[in-house]
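Visitor: Got a structure for you, model_17.tsv, holding TSV, C-alpha atoms.
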chain	number	residue	atom	x	y	z
A	220	MET	CA	30.26	-5.73	-13.51
A	221	ARG	CA	30.25	-4.24	-10.06
A	222	VAL	CA	27.86	-5.82	-7.58
A	223	GLU	CA	27.06	-4.13	-4.27
A	224	ARG	CA	27.96	-5.93	-1.08
A	225	ARG	CA	24.35	-5.89	0.16
A	226	THR	CA	23.20	-7.52	-3.08
A	227	LEU	CA	25.84	-10.22	-2.72
A	228	LEU	CA	24.84	-10.94	0.88
A	229	LEU	CA	21.17	-10.99	-0.08
A	230	SER	CA	21.88	-13.33	-3.00
A	231	ALA	CA	23.80	-15.69	-0.73
A	232	ALA	CA	20.92	-15.72	1.77
A	233	LEU	CA	18.36	-16.35	-0.98
A	234	ALA	CA	20.50	-19.15	-2.43
A	235	ALA	CA	20.72	-20.79	1.00
A	236	ALA	CA	16.93	-20.54	1.39
A	237	ILE	CA	16.45	-22.05	-2.08
A	238	LEU	CA	18.70	-24.99	-1.17
A	239	ALA	CA	16.77	-25.51	2.07
A	240	LEU	CA	13.44	-25.50	0.23
A	241	GLY	CA	14.89	-27.84	-2.39
A	242	LEU	CA	15.93	-30.29	0.32
A	243	LEU	CA	12.45	-30.06	1.84
A	244	GLY	CA	10.90	-30.66	-1.58
A	245	LEU	CA	13.04	-33.76	-2.08
A	246	SER	CA	12.08	-35.03	1.37
A	247	PHE	CA	8.31	-34.40	1.15
A	248	GLY	CA	5.96	-36.92	-0.37
A	249	ALA	CA	3.66	-39.81	0.43
A	250	SER	CA	6.54	-41.10	2.53
A	251	TRP	CA	8.97	-38.64	4.11
A	252	ALA	CA	12.68	-39.10	3.49
A	253	THR	CA	15.27	-37.83	5.95
A	254	PRO	CA	17.97	-35.42	4.71
A	255	GLY	CA	20.48	-38.26	4.99
A	256	GLU	CA	18.31	-40.50	2.82
A	257	VAL	CA	17.93	-37.69	0.27
A	258	VAL	CA	21.69	-37.15	0.04
A	259	ALA	CA	22.24	-40.90	-0.29
A	260	ALA	CA	19.58	-41.15	-2.99
A	261	LEU	CA	21.16	-38.31	-4.94
A	262	GLY	CA	24.41	-40.22	-4.82
A	263	GLY	CA	22.68	-43.37	-6.11
A	264	TRP	CA	22.42	-45.32	-2.84
A	265	GLY	CA	19.56	-46.43	-0.63
A	266	GLU	CA	15.95	-47.42	-1.17
A	267	SER	CA	14.72	-43.93	-2.14
A	268	VAL	CA	16.75	-43.48	-5.33
A	269	VAL	CA	13.79	-43.82	-7.71
A	270	VAL	CA	11.47	-41.67	-5.60
A	271	VAL	CA	13.97	-38.87	-5.01
A	272	ARG	CA	15.91	-38.79	-8.28
A	273	ASP	CA	13.24	-39.78	-10.78
A	274	TRP	CA	10.06	-38.35	-9.22
A	275	ARG	CA	10.89	-35.47	-6.90
A	276	LEU	CA	14.12	-34.01	-8.29
A	277	PRO	CA	12.67	-32.97	-11.70
A	278	ARG	CA	9.88	-31.07	-9.94
A	279	VAL	CA	12.28	-29.31	-7.58
A	280	LEU	CA	14.61	-28.34	-10.43
A	281	ALA	CA	11.65	-27.14	-12.52
A	282	GLY	CA	10.50	-24.90	-9.66
A	283	LEU	CA	14.03	-23.50	-9.32
A	284	VAL	CA	14.75	-22.85	-13.01
A	285	PHE	CA	11.25	-21.68	-13.92
A	286	GLY	CA	11.21	-19.35	-10.91
A	287	LEU	CA	14.54	-17.87	-12.04
A	288	ALA	CA	13.14	-17.34	-15.54
A	289	LEU	CA	9.93	-15.69	-14.32
A	290	GLY	CA	11.83	-13.43	-11.91
A	291	VAL	CA	14.13	-12.26	-14.71
A	292	ALA	CA	11.21	-11.74	-17.11
A	293	GLY	CA	9.40	-9.63	-14.51
A	294	ALA	CA	12.51	-7.54	-13.85
A	295	ILE	CA	13.00	-6.97	-17.59
A	296	PHE	CA	9.50	-5.64	-18.22
A	297	GLN	CA	9.37	-3.61	-15.02
A	298	ASN	CA	12.61	-1.93	-16.11
A	299	LEU	CA	11.25	-1.43	-19.62
A	300	THR	CA	7.99	0.13	-18.46
A	301	ARG	CA	9.47	1.72	-15.29
A	302	ASN	CA	6.33	0.53	-13.56
A	303	PRO	CA	6.01	-2.11	-10.79
A	304	MET	CA	2.92	-3.51	-12.54
A	305	GLY	CA	4.74	-4.03	-15.83
A	306	SER	CA	5.10	-7.81	-15.63
A	307	PRO	CA	4.36	-10.43	-18.32
A	308	ASP	CA	1.25	-11.80	-16.61
A	309	VAL	CA	-0.31	-8.34	-16.15
A	310	ILE	CA	0.36	-6.96	-19.64
A	311	GLY	CA	-0.82	-10.08	-21.43
A	312	LEU	CA	2.34	-11.89	-22.51
A	313	ASP	CA	1.38	-14.97	-20.46
A	314	ALA	CA	-2.01	-15.02	-22.16
A	315	GLY	CA	-0.37	-14.67	-25.59
A	316	ALA	CA	2.06	-17.50	-24.88
A	317	TYR	CA	-0.89	-19.63	-23.74
A	318	THR	CA	-2.69	-18.85	-27.02
A	319	GLY	CA	0.29	-20.11	-29.00
A	320	ALA	CA	0.44	-23.25	-26.89
A	321	LEU	CA	-3.32	-23.81	-27.34
A	322	VAL	CA	-2.93	-23.59	-31.11
A	323	ALA	CA	-0.12	-26.17	-30.93
A	324	ILE	CA	-2.31	-28.47	-28.82
A	325	THR	CA	-5.56	-28.15	-30.78
A	326	LEU	CA	-4.28	-27.95	-34.37
A	327	LEU	CA	-0.98	-29.82	-34.16
A	328	SER	CA	0.27	-32.81	-32.20
A	329	GLY	CA	1.33	-30.70	-29.20
A	330	SER	CA	4.93	-31.92	-28.99
A	331	SER	CA	7.39	-30.14	-26.72
A	332	VAL	CA	9.03	-28.36	-29.67
A	333	GLN	CA	5.64	-27.25	-31.03
A	334	LEU	CA	4.55	-26.03	-27.60
A	335	ALA	CA	7.76	-24.05	-27.10
A	336	THR	CA	7.59	-22.54	-30.60
A	337	GLY	CA	3.90	-21.73	-30.35
A	338	SER	CA	4.30	-20.15	-26.93
A	339	VAL	CA	7.18	-17.91	-28.06
A	340	LEU	CA	5.35	-16.84	-31.22
A	341	GLY	CA	2.18	-16.10	-29.26
A	342	GLY	CA	4.04	-14.05	-26.68
A	343	LEU	CA	5.92	-12.11	-29.38
A	344	ALA	CA	2.67	-11.42	-31.28
A	345	VAL	CA	1.06	-9.93	-28.17
A	346	ALA	CA	4.20	-7.92	-27.38
A	347	ALA	CA	4.22	-6.51	-30.92
A	348	LEU	CA	0.51	-5.67	-30.69
A	349	ILE	CA	0.97	-3.81	-27.40
A	350	TYR	CA	3.97	-1.95	-28.85
A	351	LEU	CA	2.00	-0.82	-31.91
A	352	LEU	CA	-1.09	0.22	-29.94
A	353	SER	CA	1.01	2.31	-27.54
A	354	ALA	CA	2.94	4.07	-30.34
A	355	GLY	CA	0.81	7.22	-30.28
A	356	GLY	CA	1.48	8.10	-26.66
A	357	GLY	CA	5.26	7.90	-26.50
A	358	ARG	CA	5.17	4.39	-25.04
A	359	THR	CA	5.19	5.59	-21.46
A	360	GLY	CA	5.17	2.95	-18.75
A	361	LEU	CA	1.62	3.56	-17.56
A	362	ARG	CA	0.26	3.60	-21.12
A	363	LEU	CA	1.98	0.31	-21.92
A	364	VAL	CA	0.59	-1.30	-18.76
A	365	VAL	CA	-2.98	-0.10	-19.36
A	366	ILE	CA	-2.95	-1.19	-23.01
A	367	GLY	CA	-1.37	-4.48	-21.95
A	368	ILE	CA	-4.18	-5.12	-19.47
A	369	ALA	CA	-6.76	-4.46	-22.18
A	370	VAL	CA	-4.99	-6.73	-24.68
A	371	SER	CA	-4.69	-9.40	-21.99
A	372	ALA	CA	-8.48	-9.36	-21.49
A	373	ILE	CA	-9.06	-9.76	-25.23
A	374	VAL	CA	-6.52	-12.58	-25.59
A	375	THR	CA	-7.93	-14.34	-22.51
A	376	ALA	CA	-11.38	-14.26	-24.14
A	377	LEU	CA	-9.85	-15.72	-27.31
A	378	ASN	CA	-8.25	-18.49	-25.27
A	379	SER	CA	-11.60	-19.34	-23.70
A	380	TRP	CA	-13.18	-19.55	-27.16
A	381	ILE	CA	-10.42	-21.88	-28.39
A	382	VAL	CA	-10.92	-24.16	-25.38
A	383	LEU	CA	-14.70	-24.20	-25.84
A	384	ARG	CA	-14.35	-25.11	-29.52
A	385	ALA	CA	-11.83	-27.90	-28.89
A	386	GLU	CA	-12.66	-31.56	-28.42
A	387	LEU	CA	-13.68	-32.54	-24.89
A	388	GLU	CA	-10.46	-34.35	-23.95
A	389	VAL	CA	-8.28	-31.55	-25.34
A	390	ALA	CA	-10.41	-28.88	-23.65
A	391	MET	CA	-10.18	-30.63	-20.28
A	392	ALA	CA	-6.41	-30.98	-20.58
A	393	ALA	CA	-6.01	-27.36	-21.68
A	394	ALA	CA	-8.23	-26.04	-18.88
A	395	GLY	CA	-6.29	-27.98	-16.26
A	396	TRP	CA	-2.98	-26.89	-17.74
A	397	HIS	CA	-4.12	-23.25	-17.72
A	398	ALA	CA	-3.97	-23.22	-13.92
A	399	GLY	CA	-0.17	-23.51	-14.06
A	400	SER	CA	1.17	-26.71	-12.57
A	401	LEU	CA	4.38	-28.62	-11.90
A	402	ASN	CA	2.44	-31.83	-11.27
A	403	GLY	CA	3.71	-34.63	-13.45
A	404	VAL	CA	6.86	-32.85	-14.62
A	405	ASP	CA	9.57	-35.43	-15.37
A	406	TRP	CA	13.04	-35.54	-16.88
A	407	GLU	CA	11.75	-35.82	-20.47
A	408	ASP	CA	10.04	-32.42	-20.17
A	409	LEU	CA	13.08	-30.47	-18.99
A	410	PRO	CA	16.16	-30.63	-21.30
A	411	LEU	CA	14.82	-28.31	-24.04
A	412	PRO	CA	13.29	-25.60	-21.78
A	413	PHE	CA	16.32	-25.67	-19.47
A	414	ALA	CA	18.65	-25.18	-22.45
A	415	ILE	CA	16.55	-22.29	-23.81
A	416	ILE	CA	16.33	-20.58	-20.42
A	417	ALA	CA	20.10	-21.00	-19.85
A	418	VAL	CA	20.88	-19.28	-23.16
A	419	LEU	CA	18.40	-16.47	-22.46
A	420	LEU	CA	19.78	-15.86	-18.96
A	421	VAL	CA	23.34	-15.69	-20.29
A	422	VAL	CA	22.27	-13.17	-22.93
A	423	MET	CA	20.48	-11.06	-20.33
A	424	ALA	CA	23.42	-11.21	-17.92
A	425	GLY	CA	25.56	-9.68	-20.66
A	426	SER	CA	23.03	-6.85	-21.09
A	427	ALA	CA	22.33	-6.24	-17.39
A	428	HIS	CA	24.66	-3.27	-17.03
A	429	ALA	CA	23.20	-1.58	-20.11
A	430	MET	CA	19.68	-2.25	-18.81
A	431	HIS	CA	20.41	-0.49	-15.53
A	432	GLN	CA	22.00	2.42	-17.42
A	433	ALA	CA	18.84	2.73	-19.51
A	434	ALA	CA	16.72	2.68	-16.35
A	435	LEU	CA	18.43	5.95	-15.30
A	436	GLY	CA	16.98	7.68	-18.35
A	437	GLU	CA	17.43	7.75	-22.11
A	438	ALA	CA	19.81	10.72	-21.97
A	439	VAL	CA	22.11	9.00	-19.47
A	440	ALA	CA	22.03	5.77	-21.46
A	441	ALA	CA	22.89	7.56	-24.70
A	442	THR	CA	25.87	9.39	-23.13
A	443	THR	CA	27.28	6.06	-21.90
A	444	GLY	CA	27.08	4.50	-25.36
A	445	VAL	CA	24.03	2.29	-24.84
A	446	SER	CA	22.10	1.49	-28.03
A	447	LEU	CA	18.54	1.77	-26.70
A	448	ARG	CA	16.83	0.27	-29.76
A	449	ARG	CA	19.04	-2.83	-29.73
A	450	LEU	CA	18.83	-3.13	-25.94
A	451	ARG	CA	15.04	-2.99	-25.91
A	452	LEU	CA	14.81	-5.59	-28.64
A	453	VAL	CA	17.11	-7.93	-26.69
A	454	MET	CA	15.16	-7.34	-23.47
A	455	VAL	CA	11.78	-8.04	-25.10
A	456	LEU	CA	13.05	-11.20	-26.80
A	457	VAL	CA	14.59	-12.51	-23.57
A	458	GLY	CA	11.56	-11.59	-21.46
A	459	VAL	CA	9.08	-13.16	-23.87
A	460	GLY	CA	11.35	-16.19	-24.33
A	461	CYS	CA	11.57	-16.83	-20.58
A	462	THR	CA	7.83	-16.42	-20.06
A	463	ALA	CA	6.85	-18.51	-23.07
A	464	THR	CA	9.28	-21.32	-22.26
A	465	VAL	CA	7.85	-21.69	-18.77
A	466	THR	CA	4.30	-21.53	-20.13
A	467	SER	CA	5.03	-24.25	-22.71
A	468	VAL	CA	5.86	-26.74	-19.92
A	469	ALA	CA	3.93	-25.69	-16.82
A	470	GLY	CA	1.21	-23.44	-18.19
A	471	PRO	CA	0.88	-19.76	-17.25
A	472	ILE	CA	2.04	-19.34	-13.63
A	473	ALA	CA	0.69	-16.02	-12.43
A	474	PHE	CA	2.19	-13.31	-10.21
A	475	ILE	CA	5.71	-14.69	-9.70
A	476	ALA	CA	7.01	-12.31	-12.38
A	477	LEU	CA	5.02	-9.47	-10.81
A	478	ALA	CA	6.05	-9.91	-7.19
A	479	ALA	CA	9.61	-11.28	-7.33
A	480	PRO	CA	11.35	-8.22	-8.82
A	481	GLN	CA	9.79	-5.79	-6.36
A	482	ILE	CA	10.46	-8.00	-3.35
A	483	GLY	CA	14.05	-8.49	-4.51
A	484	ARG	CA	14.49	-4.75	-5.10
A	485	ARG	CA	13.26	-3.86	-1.63
A	486	LEU	CA	15.41	-6.50	0.03
A	487	ALA	CA	18.46	-5.31	-1.90
A	488	GLY	CA	17.70	-1.64	-1.30
A	489	ALA	CA	18.43	-0.98	-4.98
A	490	PRO	CA	17.17	2.09	-6.88
A	491	GLY	CA	16.26	0.05	-9.98
A	492	VAL	CA	15.08	-3.52	-10.40
A	493	PRO	CA	18.25	-5.69	-10.22
A	494	LEU	CA	18.21	-8.99	-12.09
A	495	LEU	CA	19.98	-11.30	-9.61
A	496	PRO	CA	17.76	-10.61	-6.56
A	497	ALA	CA	14.68	-10.78	-8.82
A	498	ALA	CA	15.74	-14.14	-10.26
A	499	LEU	CA	16.57	-15.70	-6.89
A	500	THR	CA	13.40	-14.32	-5.30
A	501	GLY	CA	11.37	-15.80	-8.17
A	502	ALA	CA	12.96	-19.20	-7.62
A	503	LEU	CA	12.29	-19.01	-3.87
A	504	LEU	CA	8.66	-17.94	-4.36
A	505	LEU	CA	7.87	-20.64	-6.92
A	506	GLN	CA	9.52	-23.40	-4.88
A	507	GLY	CA	7.71	-22.27	-1.74
A	508	ALA	CA	4.36	-21.98	-3.53
A	509	ASP	CA	4.78	-25.47	-5.02
A	510	LEU	CA	5.48	-26.94	-1.60
A	511	VAL	CA	2.35	-25.26	-0.22
A	512	ALA	CA	0.38	-26.61	-3.18
A	513	GLN	CA	1.58	-30.14	-2.38
A	514	MET	CA	0.90	-29.89	1.35
A	515	LEU	CA	-2.48	-28.12	1.50
A	516	LEU	CA	-4.63	-31.08	0.42
A	517	ALA	CA	-2.05	-33.87	0.71
A	518	PRO	CA	-1.93	-36.49	-0.69
A	519	GLU	CA	-3.67	-34.57	-3.51
A	520	SER	CA	-1.46	-31.89	-5.07
A	521	LEU	CA	-2.93	-28.57	-6.20
A	522	PRO	CA	-1.66	-26.73	-9.28
A	523	VAL	CA	0.97	-24.25	-8.13
A	524	GLY	CA	-0.81	-21.51	-10.06
A	525	VAL	CA	-3.71	-21.68	-7.60
A	526	VAL	CA	-1.36	-20.79	-4.74
A	527	THR	CA	0.57	-18.09	-6.63
A	528	THR	CA	-2.70	-16.47	-7.74
A	529	ALA	CA	-4.03	-16.37	-4.17
A	530	ILE	CA	-0.78	-14.89	-2.84
A	531	GLY	CA	-0.37	-12.59	-5.84
A	532	GLY	CA	-3.89	-11.21	-5.50
A	533	CYS	CA	-3.10	-9.99	-1.99
A	534	TYR	CA	0.21	-8.57	-3.21
A	535	LEU	CA	-1.49	-6.77	-6.12
A	536	ILE	CA	-4.04	-5.14	-3.81
A	537	TRP	CA	-1.20	-3.91	-1.58
A	538	LEU	CA	0.78	-2.65	-4.58
A	539	LEU	CA	-2.20	-0.78	-6.06
A	540	ALA	CA	-2.99	0.83	-2.69
A	541	LYS	CA	0.66	1.89	-2.36
A	542	GLU	CA	0.71	3.39	-5.84
A	543	VAL	CA	-2.54	5.30	-5.21
A	544	ARG	CA	-1.12	6.78	-2.00
A	545	ARG	CA	2.03	7.88	-3.86
A	546	ARG	CA	-0.03	9.76	-6.44
Let me see whether you can do it: turn the structure in this file into structure tokens.
Guide:
Amino acid sequence: MRVERRTLLLSAALAAAILALGLLGLSFGASWATPGEVVAALGGWGESVVVVRDWRLPRVLAGLVFGLALGVAGAIFQNLTRNPMGSPDVIGLDAGAYTGALVAITLLSGSSVQLATGSVLGGLAVAALIYLLSAGGGRTGLRLVVIGIAVSAIVTALNSWIVLRAELEVAMAAAGWHAGSLNGVDWEDLPLPFAIIAVLLVVMAGSAHAMHQAALGEAVAATTGVSLRRLRLVMVLVGVGCTATVTSVAGPIAFIALAAPQIGRRLAGAPGVPLLPAALTGALLLQGADLVAQMLLAPESLPVGVVTTAIGGCYLIWLLAKEVRRR
């Protein structure tokens, strides 16, 4: 698949920035570690091995991989809806995934497998509901987004009811988790979601060319041999899978999926919403937001969702104003 030179250069720059933020994340904590100490600890030497490898590295890797997943999910749904507001957190997929996770927590034991399964099923249920409700209007991008916002409000109310009806300890844990946080993430939490996200990203990479063909219009896609029905099914499954997998571990992290694809598209100067810049921008945004969350009230660490929501709110106001001016 052909990749433009500007996209390659941008991707290299974003990757370098991600590595720099990762090194900063491994260095920052109650006691700072120098870059040399971090490298030594990663190699298994020095006094900071436990702190760097066992405590900080899982969080840094979670921010990287989960940011990639959210960036790809946002790009998928913005391409599907052909609308910059068509992201999982805006149209209610995050809320649906959180509903599935809440059911796993309140009715079952809340194991990692149950959380992942419940989140995926909840996200798919909301996606199916939005699809059915938008059937009468040709499933245009704006209609899907508006119906998604309405469904999101309903599902959010349902989530609040579930939390209020739960036992006190469960409700407190669920309410804290709802903010979206990488606090306390360790190695035991990561193998399953990382494996799921890796498979989903590989599947989407194989469909990227067809996705961009479809973004040019249904007629163009059909003439190039793209099966739109199959492609849309794959895109929805991958997008929901990425969103739900992140939600099952870290809770719903807002606005990364909304902002990353558009920032990546503008940096790349691309006509559509390219996957690679969106993924790398998502990783950069989530890592940066998590570092801010750790530093703002240090030594106390805020949930990263608090930071992404504050930043995303400003971005959403700018995006809405821009869209109004265009119309």
Visitor: So which residues touch Ile237 in chain A within 9 Å, counting only C-alpha atoms, skipping near sequence neighbours fewer than 2 positions away, as a PyMOL selection string?
Guide: chain A and resi 232-235+239-242+283+499-500+502-503+506-507
Visitor: Around (22.6, -36.3, 1.5) in the file's own coordinates, what residues are found within 12 Å if you use all atoms listed in the file, given back as number ranges by chain?
Guide: A: 242-243, 245-246, 252-265, 267-268, 271
Visitor: Would you mind telling me which residue in A:Ile472, A:Leu238, A:Ala346, A:Leu363 lies nearest to Arg301 in chain A when using all atoms listed in the file?
Guide: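 Residue with the minimum atom-to-atom distance to Arg301 in chain A: A:Leu363.
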Visitor: So the first atom is CA of Val457 in chain A and the second is CA of Ala427 in chain A; what is the distance between them in Å, to one decimal place?
Guide: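 Result for CA of Val457 in chain A versus CA of Ala427 in chain A: 11.7 Å, one decimal.
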Visitor: Pick from A:Gly531, A:Pro518, A:Gly501, A:Gly305: nearest to Ala249 in chain A, with only C-alpha atoms counted?
Guide: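 For Ala249 in chain A, the nearest of the candidates is A:Pro518.
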Visitor: Could you check which of A:Leu227, A:Met304, A:Ala517, A:Val309 is closest to Leu538 in chain A, using all atoms listed in the file?
Guide: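 Between A:Leu227, A:Met304, A:Ala517, A:Val309, the residue approaching Leu538 in chain A most closely is A:Met304.
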Visitor: For Thr527 in chain A, work out the shell of residues within 8 Å, counting only C-alpha atoms and skipping chain neighbours fewer than 5 positions away, then give it as a CSV table (one decimal) with C-alpha atoms, in the frame of the given file.
Guide:
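New file out_32.csv:
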chain,number,residue,atom,x,y,z
A,472,ILE,CA,2.0,-19.3,-13.6
A,473,ALA,CA,0.7,-16.0,-12.4
A,474,PHE,CA,2.2,-13.3,-10.2
A,475,ILE,CA,5.7,-14.7,-9.7
A,505,LEU,CA,7.9,-20.6,-6.9
A,508,ALA,CA,4.4,-22.0,-3.5
Visitor: Dump as a PyMOL selection string all residues having an atom at most 12 Å from (23.7, -11.7, -19.6), computed in the file's coordinates with only C-alpha atoms.
Guide: chain A and resi 220+291+295+416-430+450+453-454+457+494-495
Visitor: Please measure the separation of CA of Asp405 in chain A and CA of Ala281 in chain A, giving the value in Å to one decimal.
Guide: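 Interatomic distance here is 9.0 Å.
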Visitor: In Å, rounded to a single decimal, give me how far CA of Asp313 in chain A is from CA of Ile482 in chain A.
Guide: 20.6 Å
Visitor: Name all residues at most 12 Å from Arg362 in chain A (count only C-alpha atoms; drop same-chain ones fewer than 6 positions away) and give them as a list in words.
Guide: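 Contacts, in chain order: Thr300, Arg301, Asn302, Met304, Gly305, Ile310, Ile349, Tyr350, Leu351, Leu352, Ser353, Ala354, Gly355, Gly356, Ile368 and Ala369 of chain A.
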Visitor: Quick one: axis-aligned box around all listed atoms of range 303-317 of chain A, 6 Å on every side, centre and edge lengths in Å to one decimal, written as JSON.
Guide:
{"center_x": 2.0, "center_y": -10.9, "center_z": -18.2, "size_x": 20.0, "size_y": 29.5, "size_z": 26.8}
Visitor: So that I can check the surroundings of Val374 in chain A, please list as a VMD selection string every protein, DNA and RNA residue that reaches within 7 Å of it, counting all atoms listed in the file and ignoring chain neighbours fewer than 3 positions away.
Guide: chain A and resid 314 to 315 370 to 371 377 to 378
Visitor: Could you write out that same residue set with C-alpha atoms as an mmCIF file, in the frame of the given file?
Guide:
data_model
loop_
_atom_site.group_PDB
_atom_site.id
_atom_site.type_symbol
_atom_site.label_atom_id
_atom_site.label_comp_id
_atom_site.auth_asym_id
_atom_site.auth_seq_id
_atom_site.Cartn_x
_atom_site.Cartn_y
_atom_site.Cartn_z
ATOM 1 C CA ALA A 314 -2.010 -15.020 -22.160
ATOM 2 C CA GLY A 315 -0.370 -14.670 -25.590
ATOM 3 C CA VAL A 370 -4.990 -6.730 -24.680
ATOM 4 C CA SER A 371 -4.690 -9.400 -21.990
ATOM 5 C CA LEU A 377 -9.850 -15.720 -27.310
ATOM 6 C CA ASN A 378 -8.250 -18.490 -25.270
#
Visitor: Choose the residue, out of A:Val279, A:Ala476, A:Ile324, A:Ala433, that has the smallest atom-to-atom separation from Ala394 in chain A; count all atoms listed in the file.
Guide: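 Result for the nearest residue to Ala394 in chain A: A:Ile324.
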Visitor: List as a list of chain:residue names the protein and nucleic acid residues near Ala288 in chain A, meaning an atom at most 7 Å away when all atoms listed in the file are counted, but skip any in the same chain fewer than 4 places from it.
Guide: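 These residues fall inside the cut-off: A:Val284, A:Ala292, A:Ile416, A:Cys461, A:Ala498.
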Visitor: Taking into account only C-alpha atoms, which residue in the set A:Pro277, A:Gly290, A:Ala487, A:Gly395 is nearest to Leu228 in chain A?
Guide: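 Between A:Pro277, A:Gly290, A:Ala487, A:Gly395, the residue approaching Leu228 in chain A most closely is A:Ala487.
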Visitor: Give the answer as one residue: which of A:Val455, A:Ala398, A:Ala320, A:Ala335 has the shortest atom-to-atom distance to Ala414 in chain A, using only C-alpha atoms?
Guide: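 Among the listed residues, the smallest separation from Ala414 in chain A belongs to A:Ala335.
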